[in-house]
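Undergrad: Dumping the structure here so I can ask a few things about it.
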Amino acid sequence: MSISLHAKIPDGPLADKWDNQLAHFNLVSPNNKPKYKVIVVGSGLAGASASASLAELGYQVDCFTFHDSPRRAHSVAAQGGINAAKNYRNDGDSIYRLFYDTIKGGDFRSREANVYRLAQISGQIIDHCVAQGIPFARDYAGYLDNRSFGGVQVSRTFYARGQTGQQLLLGAYGALNHQIHQGKVTMHTRTEMLELVVEDDVAKGIIVRNLVTGEISRHSAHAVIIASGGYSNLYYLSTNAQACNVTATYRAYKKGALFANPCFTQIHPTCIPASNENQSKLTLMSESLRNDGRIWVPKKLGDKRSPEAIPDNERDYFLERRYPAFGNLVPRDIASRAVKNICDQGYGVGSTGHGVYLDLADAIQKLGLKTVKERYGNLFEMYQRITDDDPSQTPMKIYPALHYTMGGLWVDYHLMSNIQGLFVLGEANFSDHGANRLGASALMQGLADGYFIAPPSIGHYLATYQPELPDSQSSAFNLALEKVDNRVNKLVNISGQHSADYFHRQLGKIMWENCGMSRNEQQLTSALEQIPQLREQFWQDLKITGSDKMLNAQLEKAGRVADYLEFAEVLCHDALARNESCGAHFREESQSTSGEAKRDDEHYSYTAAWEYKGDDNTPQLHKEMLNHDEVKPSNRSYK
Amino acid sequence: MADYKIKVWRQSPLGIGPGGGEGPGGKEGKFETYTINNIDSDLSFLEMLDILNQQLLQENNIPIAFDHDCREGICGACSLVINGVPHGPESSTTTCQLYMRHFEHNSTIIVEPFRAKAFPVIQDLVVDRSAFDRIMQAGGYISVHTGAATDANTVLIAKQSADDAFTAATCIGCGACVAACKNASAMLFVAAKTSQLGLLPQGQPEKTNRTLKMVQQMQLEGFGNCSNHYECEAACPKNIPASYIAQLNKDFLISSFTNKEFECQNDNCYES
């Protein structure tokens with residue numbers, strides 16, 4: 001397959017591009033739409049909203065999720081909120097400012113046209129979600145309330161207490177349910193995509209496994225959408241749900257789809273620190289806490305007093321000290337590195353020294369406990385349940401953790417990958433966040449993709465396509481199905497000593513130590529030596545009991561870990577090739593004398609898109625050069 | 001560090017185990033007891049089960065199947081009855097947010113699936129809760145077409161109404177209410193879902209139809225009726241008050257009298 005990295009950005013001034021595109025999309029007539037079938041993999045915000053909106057238009061949709069219900073997709077766990085350039089606060093917000101903040105927040109590594117469109121659509125999303133009955137927070141006059149989030153100086157975040165993700169997902173799930181009820185969406189639950197079928201460089205369908213019976217089946221369609229989320233779980237410990245995985249996107253990568261910027265992995269500053277080696281996940285404490293919480297460590301090295309006993313003048317509010325303009329509200333990448341730095345210097349608190357205080361005492365004194373609890377009540381409860389400490393009495397302890405992945409499959413302006421007919425939405429694509437995502441932007445992007453961008457873009461693609469359904473009995477389907485079958489059998493029959501979790505934990509350790517919050521050439525080279533060894537060990541020493549014809553969580557996990565063990569190398573190659581620090585990607589070789597990240601626009605102002613070249617070969621790098629016509633890259637200062 | 005005996009329900013209704021033989025617990029199901037030692041009090045209940053499963057794997061046994069995902073109390077996947085109580089002994093908690101510090105050293109912990117006719121066991125502790133999805137498909141939404149909405153601040157909503165709707169909307173669809181009820185009633189779930197939309201102005205145009213359709217589907221799925229014991233409220237990890245059931249009863253009664261279009265497919269539909 002010849003690789004074309006044509007982003008298909010429409011002509012015209014930045015502000016008119018999306019309108020121009022809408023005006024020139026090919027259309028499918030209403031009586032022809034039911035003849036086309038679209039497969040959607042994933043039922044989170046992007047997948048559910050795309051499924052529902054495409055079905056509303058009249059297309060046949062088949063939606064697949066490995067969960068028992070679409071409502072359990074990991075979008076449900078997003079806490080803080082969703083951004084929109086409504087300027088309801090009269091604080092100087094605008095579409096341009098949301099665009100500008102996102103470009104700057106992403107450290108000038110995203111596509112301007114995509115980000116501008118996202119900002120334009122942001123308001124429509126809020127309108128639609130309110131119409132769906134999503135109970136956003138309101139003020140006493142009955143108007144929608146807003147709060148501020150990291151990396152910006154306006155209040156544009158809409159929220160539903162600390163569970164905005166669940167409420168937005170329930171809205172999309174409702175829209176999806178409506179279409180299921182109408183018979184326009186066929187929902188396949190507890191079903192996992194294990195292969196993409198590509199014929200003549202066009203996506204024709206997928207191979208899936210029924211997780212209850214083990215049955216492997218084939219599904220063909222005119223277009224395939226992957227909306228399967230991100231790959232933070234590669235690091236074993238992350239804030240992601242246990243089942244989040246890279247399999248759907250990685251399988252597409254192995255069929256020729258380019259994987260873009262895999263090394264852009266976001267590490268969220270405010271998570272509950274790990275306390276135990278058997279811990280299975282790290283829990284996020286919403287970034288919104290940084291609105292009212294102050295982050296500090298003791299000024300004195302080795303100060304073991306309880307936090308309440310340390311007077312104010314003996315505390316180092318290091319974010320406020322280092323970044324006076326933004327203070328505790330600096331973007332996630334900056335905050336995470338500052339926390340890591342201070343802990344590396346030995347000032348960290350808690351039993352492991354990997355923690356800093358997030359203190360709400362000042363806010364409680366100023367606003368009263370009632371108001372603070374109204375804002376963060378469920379987070380307080382969650383924190384107390386996990387740690388046995390009450391945050392209204394003693395400061396929380398937090399430490400950064402893997403949270404979100406900006407990298408993903410490469411897509412053009414139409415959200416189509418380099419494989420014709422394969423569209424990628426939400427966190428699964430490499431998207432609009434550049435090298436660092438700002439808070440409350442993931443929900444916005446997932447819903448923009450699903451409700452408003454994918455439906456006309458997919459119609460545009462289908463309009464040039466014959467309505468006959470691709471033959472699911474073709475040799476390409478046969479081969480793909482056989483491959484899945486063989487792989488499942490191989491996994492079940494290794495009969496070694498160790499569980500998939502054992503290998504996953506080791507992989508996570510290699511990645512966190514060598515390709516975590518900061519990276520250097522030596523570490524990355526070492527990771528690239530260790531990963532293939534671990535992979536080899538996995539295929540010789542994996543142990544699964546039970547059969548493949550039953551619900552077998554060990555087998556599901558093993559398949560996902562097998563893909564992580566290959567994908568980890570792609571990620572490290574990307575991190576190695578990008579010898580600059582930008583956003584979440586911090587290369588120790590590229591920093592200022594004060595330890596701030598140093599971007600290198602002369603050499604690295606591109607999207608790195610990796611092509612699979614065979615299991616034993618290094619992937620090939622393709623570059624999509626970035627144009628900065630509107631916002632000239634500047635030193636990203638939050639001081 | 002503490003030691004426990006875990007008495008856990010094993011069942012393989014599909015009847016397929018390794019080599020086509022019988023699965024763990026057999027088709028009818030039974031309790032098995034396992035011993036687990038040196039458990040740190042800061043581990044979550046599910047992390048304890050993870051360790052038990054690793055132990056079973058090492059002993060060439062088949063690990064226990066259980067549903068879980070987010071492990072932060074919001075996805076609603078985890079679903080165990082622990083010592084007779086859905087989501088265990090702590091109030092307002094999902095199983096994934098339950099910690100071993102609440103269990104005494106050397107105690108026996110009994111772990112069962114959520115049991116209800118409408119939640120058939122798939123394997124061990126995993127049950128099929130798709131009945132909830134079908135209730136939601138019957139009408140648990142506002143049928144707004146993407147693109148049709150007016151500006152979000154066009155319709156003002158009193159903070160109190162928005163807050164009441166939000167409290168109902170916190171339901172995570174776990175099904176603990178059903179598992180806790182002696183009638184296996186899904187009234188609290190359905191009430192939370194109908195109330196969220198029914199308390200908001202956007203939800204008014206479809207309100208009567210929605211209420212009737214969802215109640216009808218609830219009955220078709222085989223859930224029992226409410227007899228006001230409020231076990232559901234006690235078990236709900238999100239503290240959704242049973243007063244929403246009164247709201248549902250009121251909405252249902254009004255809808256039954258006022259909606260002329262709805263055609264009931266269930267003989268018992270108007271008797272609840």
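By convention in this document, the chains of the structure tokens carry letters A, B, ... by their order, each chain's residues are numbered from 1, and ligands are numbered from 1 in the order they are shown.
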Taking only C-alpha atoms into account, report as a ChimeraX atom specification which residues of chain A lie within 7 Å of chain B.
TA: /A:53,69,72,74,76-77,126-128,130-133,135,138-144,174-175,177-178,180-181,240-243,278-280,283,385-386,451,545-547,549-550
Undergrad: Considering only alpha helix (DSSP H) as DSSP defines it on the backbone, what residues of stretch 13-238 of chain B qualify? List them as a ChimeraX atom specification.
TA: /B:45-58,130-139,159-169,176-180,187-198,207-220,231-235
Undergrad: Between A:Met625, A:Val185, A:Ile103, A:Leu576, which one has atoms that come closest to A:Asn436, using only C-alpha atoms?
TA: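 Nearest to A:Asn436: A:Ile103.
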Undergrad: Counting only C-alpha atoms, what is within 7 Å of stretch 441-447 of chain A, bar same-chain residues fewer than 2 positions away, as a list in words?
TA: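 Skipping anything fewer than 2 positions along the chain leaves Leu45, Ala46, Ser49, Ile82, Asn83, Leu118, Ser122, Ile125, Leu425, Gly426, Glu427, Arg437, Leu438, Gly439, Asp449, Gly450 and Tyr451 of chain A.
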Undergrad: Using atom CA of B:Asn225 and atom CA of B:Asn183 as the two end points, give the distance in Å to one decimal.
TA: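 Going from atom CA of B:Asn225 over to atom CA of B:Asn183 covers 6.2 Å.
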Undergrad: Using only C-alpha atoms, determine which residues lie at most 12 Å from B:Lys117, disregarding the query and same-chain residues fewer than 2 positions distant; provide the list as a list in words.
TA: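 Neighbouring residues, sequence-local ones excluded: Phe114, Arg115, Phe119, Pro120, Val121, Val127, Asp128, Arg129, Ala131, Val178, Ala179, Cys181, Lys182, Asn183, Ala184, Ser185, Ala186, Gln219, Leu220, Glu221, Gly222, Phe223 and Gly224 of chain B.
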Undergrad: Okay, now the selection with N, CA and C atoms, as an mmCIF file, in the first residue's frame?
TA:
data_model
loop_
_atom_site.group_PDB
_atom_site.id
_atom_site.type_symbol
_atom_site.label_atom_id
_atom_site.label_comp_id
_atom_site.auth_asym_id
_atom_site.auth_seq_id
_atom_site.Cartn_x
_atom_site.Cartn_y
_atom_site.Cartn_z
ATOM 1 N N PHE B 114 -25.422 -11.314 42.026
ATOM 2 C CA PHE B 114 -26.726 -10.658 42.190
ATOM 3 C C PHE B 114 -27.772 -11.677 41.727
ATOM 4 N N ARG B 115 -28.680 -12.040 42.602
ATOM 5 C CA ARG B 115 -29.644 -13.070 42.207
ATOM 6 C C ARG B 115 -31.007 -12.459 41.915
ATOM 7 N N PHE B 119 -32.042 -11.530 36.093
ATOM 8 C CA PHE B 119 -30.581 -11.448 35.957
ATOM 9 C C PHE B 119 -29.980 -12.860 35.929
ATOM 10 N N PRO B 120 -30.170 -13.632 34.857
ATOM 11 C CA PRO B 120 -29.649 -15.006 34.875
ATOM 12 C C PRO B 120 -28.119 -15.038 34.985
ATOM 13 N N VAL B 121 -27.627 -16.064 35.678
ATOM 14 C CA VAL B 121 -26.173 -16.207 35.831
ATOM 15 C C VAL B 121 -25.558 -16.620 34.494
ATOM 16 N N VAL B 127 -23.572 -11.995 36.033
ATOM 17 C CA VAL B 127 -24.977 -12.162 35.645
ATOM 18 C C VAL B 127 -25.289 -11.287 34.420
ATOM 19 N N ASP B 128 -26.376 -11.652 33.763
ATOM 20 C CA ASP B 128 -26.812 -10.926 32.570
ATOM 21 C C ASP B 128 -27.795 -9.828 32.995
ATOM 22 N N ARG B 129 -27.342 -8.576 32.908
ATOM 23 C CA ARG B 129 -28.203 -7.463 33.314
ATOM 24 C C ARG B 129 -28.771 -6.714 32.108
ATOM 25 N N ALA B 131 -31.493 -6.861 30.835
ATOM 26 C CA ALA B 131 -32.880 -6.431 31.056
ATOM 27 C C ALA B 131 -32.934 -4.922 31.311
ATOM 28 N N VAL B 178 -32.118 -4.400 42.736
ATOM 29 C CA VAL B 178 -32.830 -5.629 42.409
ATOM 30 C C VAL B 178 -32.349 -6.769 43.299
ATOM 31 N N ALA B 179 -31.023 -6.848 43.448
ATOM 32 C CA ALA B 179 -30.450 -7.937 44.243
ATOM 33 C C ALA B 179 -30.856 -7.836 45.707
ATOM 34 N N CYS B 181 -33.736 -6.616 46.861
ATOM 35 C CA CYS B 181 -35.183 -6.682 47.058
ATOM 36 C C CYS B 181 -35.662 -8.126 47.121
ATOM 37 N N LYS B 182 -36.518 -8.422 48.096
ATOM 38 C CA LYS B 182 -37.027 -9.800 48.198
ATOM 39 C C LYS B 182 -37.920 -10.142 47.011
ATOM 40 N N ASN B 183 -38.456 -9.107 46.345
ATOM 41 C CA ASN B 183 -39.281 -9.356 45.157
ATOM 42 C C ASN B 183 -38.467 -9.219 43.869
ATOM 43 N N ALA B 184 -37.172 -8.964 43.998
ATOM 44 C CA ALA B 184 -36.327 -8.673 42.842
ATOM 45 C C ALA B 184 -36.982 -7.590 41.971
ATOM 46 N N SER B 185 -37.411 -6.527 42.643
ATOM 47 C CA SER B 185 -38.067 -5.440 41.925
ATOM 48 C C SER B 185 -37.034 -4.459 41.399
ATOM 49 N N ALA B 186 -37.292 -3.917 40.217
ATOM 50 C CA ALA B 186 -36.384 -2.929 39.623
ATOM 51 C C ALA B 186 -36.963 -1.528 39.734
ATOM 52 N N GLN B 219 -41.960 -4.989 33.595
ATOM 53 C CA GLN B 219 -42.778 -6.141 33.968
ATOM 54 C C GLN B 219 -42.545 -7.313 33.020
ATOM 55 N N LEU B 220 -42.352 -7.014 31.736
ATOM 56 C CA LEU B 220 -42.095 -8.085 30.773
ATOM 57 C C LEU B 220 -40.789 -8.817 31.080
ATOM 58 N N GLU B 221 -39.836 -8.110 31.675
ATOM 59 C CA GLU B 221 -38.536 -8.715 31.974
ATOM 60 C C GLU B 221 -38.586 -9.654 33.169
ATOM 61 N N GLY B 222 -39.693 -9.607 33.916
ATOM 62 C CA GLY B 222 -39.827 -10.528 35.041
ATOM 63 C C GLY B 222 -39.355 -9.981 36.377
ATOM 64 N N PHE B 223 -39.195 -8.654 36.472
ATOM 65 C CA PHE B 223 -38.874 -8.081 37.786
ATOM 66 C C PHE B 223 -40.133 -8.083 38.642
ATOM 67 N N GLY B 224 -39.972 -8.192 39.956
ATOM 68 C CA GLY B 224 -41.117 -8.204 40.856
ATOM 69 C C GLY B 224 -41.635 -6.803 41.135
#
Undergrad: Using only C-alpha atoms, which protein or nucleic acid residues come within 7 Å of A:Arg599? Drop anything in the same chain fewer than 2 positions from it, and give the result as a list in words.
TA: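 Contacts, with the query itself left out: Glu580, Ser581, Cys582, Ala597 and Asp601 of chain A.
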Undergrad: Can you spit out the residues from that selection as a PDB file, in the first residue's frame, using C-alpha atoms?
TA:
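Okay, selection_8.pdb is ready:
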ATOM      1  CA  GLU A 580      12.664  17.350  21.719  1.00  0.00           C
ATOM      2  CA  SER A 581      10.521  18.037  24.739  1.00  0.00           C
ATOM      3  CA  CYS A 582       6.990  19.014  23.919  1.00  0.00           C
ATOM      4  CA  ALA A 597      10.746  21.604  28.484  1.00  0.00           C
ATOM      5  CA  ASP A 601      10.240  23.550  16.068  1.00  0.00           C
TER       6      ASP A 601
END
Undergrad: From the set B:Gly88, B:Gly25, B:Thr208, B:Ile240, which residue has the shortest atom-to-atom contact distance to B:Lys260, counting only C-alpha atoms?
TA: B:Thr208
Undergrad: Report as a PyMOL selection string: the residues of stretch 168-407 of chain A with a DSSP assignment of strand (DSSP E), based on the backbone of this structure.
TA: chain A and resi 185-188+191-199+202-210+216-220+223-226+259-260+265-271+294-298+315-316+356-359+396-405
Undergrad: Taking C-alpha atoms for each residue, export the selection above as a PDB file, in the first residue's frame.
TA:
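Result written to again_3.pdb:
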ATOM      1  CA  VAL A 185     -28.767  -0.017  15.458  1.00  0.00           C
ATOM      2  CA  THR A 186     -27.921  -3.629  16.175  1.00  0.00           C
ATOM      3  CA  MET A 187     -26.032  -3.760  19.446  1.00  0.00           C
ATOM      4  CA  HIS A 188     -23.456  -6.491  20.073  1.00  0.00           C
ATOM      5  CA  THR A 191     -18.145  -8.901  21.860  1.00  0.00           C
ATOM      6  CA  GLU A 192     -14.551  -7.940  21.176  1.00  0.00           C
ATOM      7  CA  MET A 193     -13.064  -6.884  17.836  1.00  0.00           C
ATOM      8  CA  LEU A 194      -9.945  -8.938  17.175  1.00  0.00           C
ATOM      9  CA  GLU A 195      -9.201  -8.167  13.525  1.00  0.00           C
ATOM     10  CA  LEU A 196      -9.862  -5.571  10.859  1.00  0.00           C
ATOM     11  CA  VAL A 197     -10.553  -6.900   7.375  1.00  0.00           C
ATOM     12  CA  VAL A 198      -8.960  -4.900   4.563  1.00  0.00           C
ATOM     13  CA  GLU A 199      -9.381  -5.767   0.901  1.00  0.00           C
ATOM     14  CA  VAL A 202     -10.389  -0.583   1.695  1.00  0.00           C
ATOM     15  CA  ALA A 203     -11.783  -1.502   5.136  1.00  0.00           C
ATOM     16  CA  LYS A 204     -14.488  -4.121   4.606  1.00  0.00           C
ATOM     17  CA  GLY A 205     -15.352  -5.328   8.079  1.00  0.00           C
ATOM     18  CA  ILE A 206     -14.170  -6.908  11.292  1.00  0.00           C
ATOM     19  CA  ILE A 207     -13.712 -10.259  13.015  1.00  0.00           C
ATOM     20  CA  VAL A 208     -15.065 -10.465  16.546  1.00  0.00           C
ATOM     21  CA  ARG A 209     -15.140 -12.908  19.429  1.00  0.00           C
ATOM     22  CA  ASN A 210     -18.209 -13.435  21.584  1.00  0.00           C
ATOM     23  CA  ILE A 216     -15.662 -16.079  16.415  1.00  0.00           C
ATOM     24  CA  SER A 217     -17.673 -14.367  13.680  1.00  0.00           C
ATOM     25  CA  ARG A 218     -17.301 -12.056  10.682  1.00  0.00           C
ATOM     26  CA  HIS A 219     -19.114  -8.813   9.965  1.00  0.00           C
ATOM     27  CA  SER A 220     -18.880  -6.799   6.766  1.00  0.00           C
ATOM     28  CA  ALA A 223     -17.368   1.652   6.533  1.00  0.00           C
ATOM     29  CA  VAL A 224     -15.767   0.789   9.848  1.00  0.00           C
ATOM     30  CA  ILE A 225     -15.468   3.232  12.744  1.00  0.00           C
ATOM     31  CA  ILE A 226     -13.030   2.520  15.536  1.00  0.00           C
ATOM     32  CA  PHE A 259      -0.235   5.083  14.277  1.00  0.00           C
ATOM     33  CA  ALA A 260       0.416   8.751  15.047  1.00  0.00           C
ATOM     34  CA  THR A 265       0.907   9.957  26.780  1.00  0.00           C
ATOM     35  CA  GLN A 266      -0.678  12.221  29.338  1.00  0.00           C
ATOM     36  CA  ILE A 267       0.222  11.881  32.946  1.00  0.00           C
ATOM     37  CA  HIS A 268      -2.391  13.400  35.198  1.00  0.00           C
ATOM     38  CA  PRO A 269      -1.024  15.277  38.205  1.00  0.00           C
ATOM     39  CA  THR A 270      -3.752  14.579  40.745  1.00  0.00           C
ATOM     40  CA  CYS A 271      -4.184  10.869  41.415  1.00  0.00           C
ATOM     41  CA  ARG A 294      -3.392  24.401  46.932  1.00  0.00           C
ATOM     42  CA  ILE A 295      -0.520  22.049  46.212  1.00  0.00           C
ATOM     43  CA  TRP A 296       2.441  22.038  48.588  1.00  0.00           C
ATOM     44  CA  VAL A 297       5.268  20.110  50.241  1.00  0.00           C
ATOM     45  CA  PRO A 298       7.205  20.912  53.437  1.00  0.00           C
ATOM     46  CA  ARG A 315       5.297  25.126  53.312  1.00  0.00           C
ATOM     47  CA  ASP A 316       6.463  25.345  49.728  1.00  0.00           C
ATOM     48  CA  VAL A 356       2.480  15.940  47.560  1.00  0.00           C
ATOM     49  CA  TYR A 357      -0.329  17.612  49.478  1.00  0.00           C
ATOM     50  CA  LEU A 358      -3.444  18.921  47.779  1.00  0.00           C
ATOM     51  CA  ASP A 359      -4.899  21.112  50.472  1.00  0.00           C
ATOM     52  CA  MET A 396      -5.148  14.841  50.267  1.00  0.00           C
ATOM     53  CA  LYS A 397      -1.973  13.229  49.041  1.00  0.00           C
ATOM     54  CA  ILE A 398      -1.639  13.072  45.271  1.00  0.00           C
ATOM     55  CA  TYR A 399       0.869  11.901  42.680  1.00  0.00           C
ATOM     56  CA  PRO A 400       0.831  11.822  38.863  1.00  0.00           C
ATOM     57  CA  ALA A 401      -0.452   8.791  36.949  1.00  0.00           C
ATOM     58  CA  LEU A 402      -1.049   7.757  33.354  1.00  0.00           C
ATOM     59  CA  HIS A 403      -4.436   9.057  32.345  1.00  0.00           C
ATOM     60  CA  TYR A 404      -4.977   9.732  28.657  1.00  0.00           C
ATOM     61  CA  THR A 405      -3.227   9.158  25.369  1.00  0.00           C
TER      62      THR A 405
END
Undergrad: Counting only C-alpha atoms, which of B:Phe103, B:Ile254, B:Tyr244, B:Cys264 gets nearest to B:Met214?
TA: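 Comparing B:Phe103, B:Ile254, B:Tyr244, B:Cys264 against B:Met214, the winner is B:Cys264.
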Undergrad: Would you mind reading off the distance between atom CA of A:Gln540 and atom CA of A:Cys515, one decimal, in Å?
TA: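 Answer for the atom CA of A:Gln540 to atom CA of A:Cys515 separation: 25.6 Å.
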Undergrad: Leaving out B:Phe31 and any residue of its chain fewer than 5 positions from it, which residues lie within 8 Å of it when counting only C-alpha atoms, given as a short mmCIF file (atom, residue, chain, number, x, y, z; two decimals) with N, CA, C and O atoms, in the first residue's frame?
TA:
data_model
loop_
_atom_site.label_atom_id
_atom_site.label_comp_id
_atom_site.auth_asym_id
_atom_site.auth_seq_id
_atom_site.Cartn_x
_atom_site.Cartn_y
_atom_site.Cartn_z
N LYS B 7 -15.90 -18.13 50.64
CA LYS B 7 -16.90 -19.12 50.20
C LYS B 7 -17.64 -18.48 49.03
O LYS B 7 -18.38 -17.51 49.20
N VAL B 8 -17.41 -19.02 47.85
CA VAL B 8 -17.84 -18.30 46.66
C VAL B 8 -18.70 -19.18 45.74
O VAL B 8 -18.46 -20.38 45.63
N TRP B 9 -19.67 -18.57 45.12
CA TRP B 9 -20.59 -19.29 44.22
C TRP B 9 -19.91 -19.56 42.88
O TRP B 9 -19.40 -18.64 42.24
N ARG B 10 -19.89 -20.85 42.48
CA ARG B 10 -19.35 -21.21 41.16
C ARG B 10 -20.48 -21.83 40.35
O ARG B 10 -21.21 -22.68 40.84
N GLY B 25 -18.31 -25.56 39.09
CA GLY B 25 -19.60 -25.46 39.77
C GLY B 25 -20.71 -26.22 39.09
O GLY B 25 -21.80 -26.38 39.65
#
Undergrad: If we count only C-alpha atoms and set the cut-off at 6 Å, which residues sit around stretch 456-463 of chain A, ignoring sequence neighbours fewer than 3 positions away in its own chain? Please answer as an NGL selection string.
TA: :A and (25-28 or 414)
Undergrad: Write out, as a PDB file, in the first residue's frame, the residues just selected, with N, CA, C and O atoms.
TA:
ATOM      1  N   PHE A  25     -19.718  18.803   0.994  1.00  0.00           N
ATOM      2  CA  PHE A  25     -19.767  17.358   1.229  1.00  0.00           C
ATOM      3  C   PHE A  25     -20.664  16.688   0.188  1.00  0.00           C
ATOM      4  O   PHE A  25     -21.717  17.220  -0.172  1.00  0.00           O
ATOM      5  N   ASN A  26     -20.256  15.489  -0.273  1.00  0.00           N
ATOM      6  CA  ASN A  26     -21.179  14.660  -1.054  1.00  0.00           C
ATOM      7  C   ASN A  26     -22.282  14.182  -0.120  1.00  0.00           C
ATOM      8  O   ASN A  26     -22.045  13.964   1.067  1.00  0.00           O
ATOM      9  N   LEU A  27     -23.471  14.019  -0.672  1.00  0.00           N
ATOM     10  CA  LEU A  27     -24.586  13.561   0.158  1.00  0.00           C
ATOM     11  C   LEU A  27     -25.138  12.246  -0.365  1.00  0.00           C
ATOM     12  O   LEU A  27     -25.062  11.954  -1.555  1.00  0.00           O
ATOM     13  N   VAL A  28     -25.692  11.464   0.552  1.00  0.00           N
ATOM     14  CA  VAL A  28     -26.417  10.252   0.176  1.00  0.00           C
ATOM     15  C   VAL A  28     -27.894  10.567   0.340  1.00  0.00           C
ATOM     16  O   VAL A  28     -28.303  11.103   1.372  1.00  0.00           O
ATOM     17  N   HIS A 414     -11.327  14.441   7.671  1.00  0.00           N
ATOM     18  CA  HIS A 414     -12.615  13.726   7.671  1.00  0.00           C
ATOM     19  C   HIS A 414     -12.657  12.621   8.726  1.00  0.00           C
ATOM     20  O   HIS A 414     -13.591  11.837   8.743  1.00  0.00           O
TER      21      HIS A 414
END
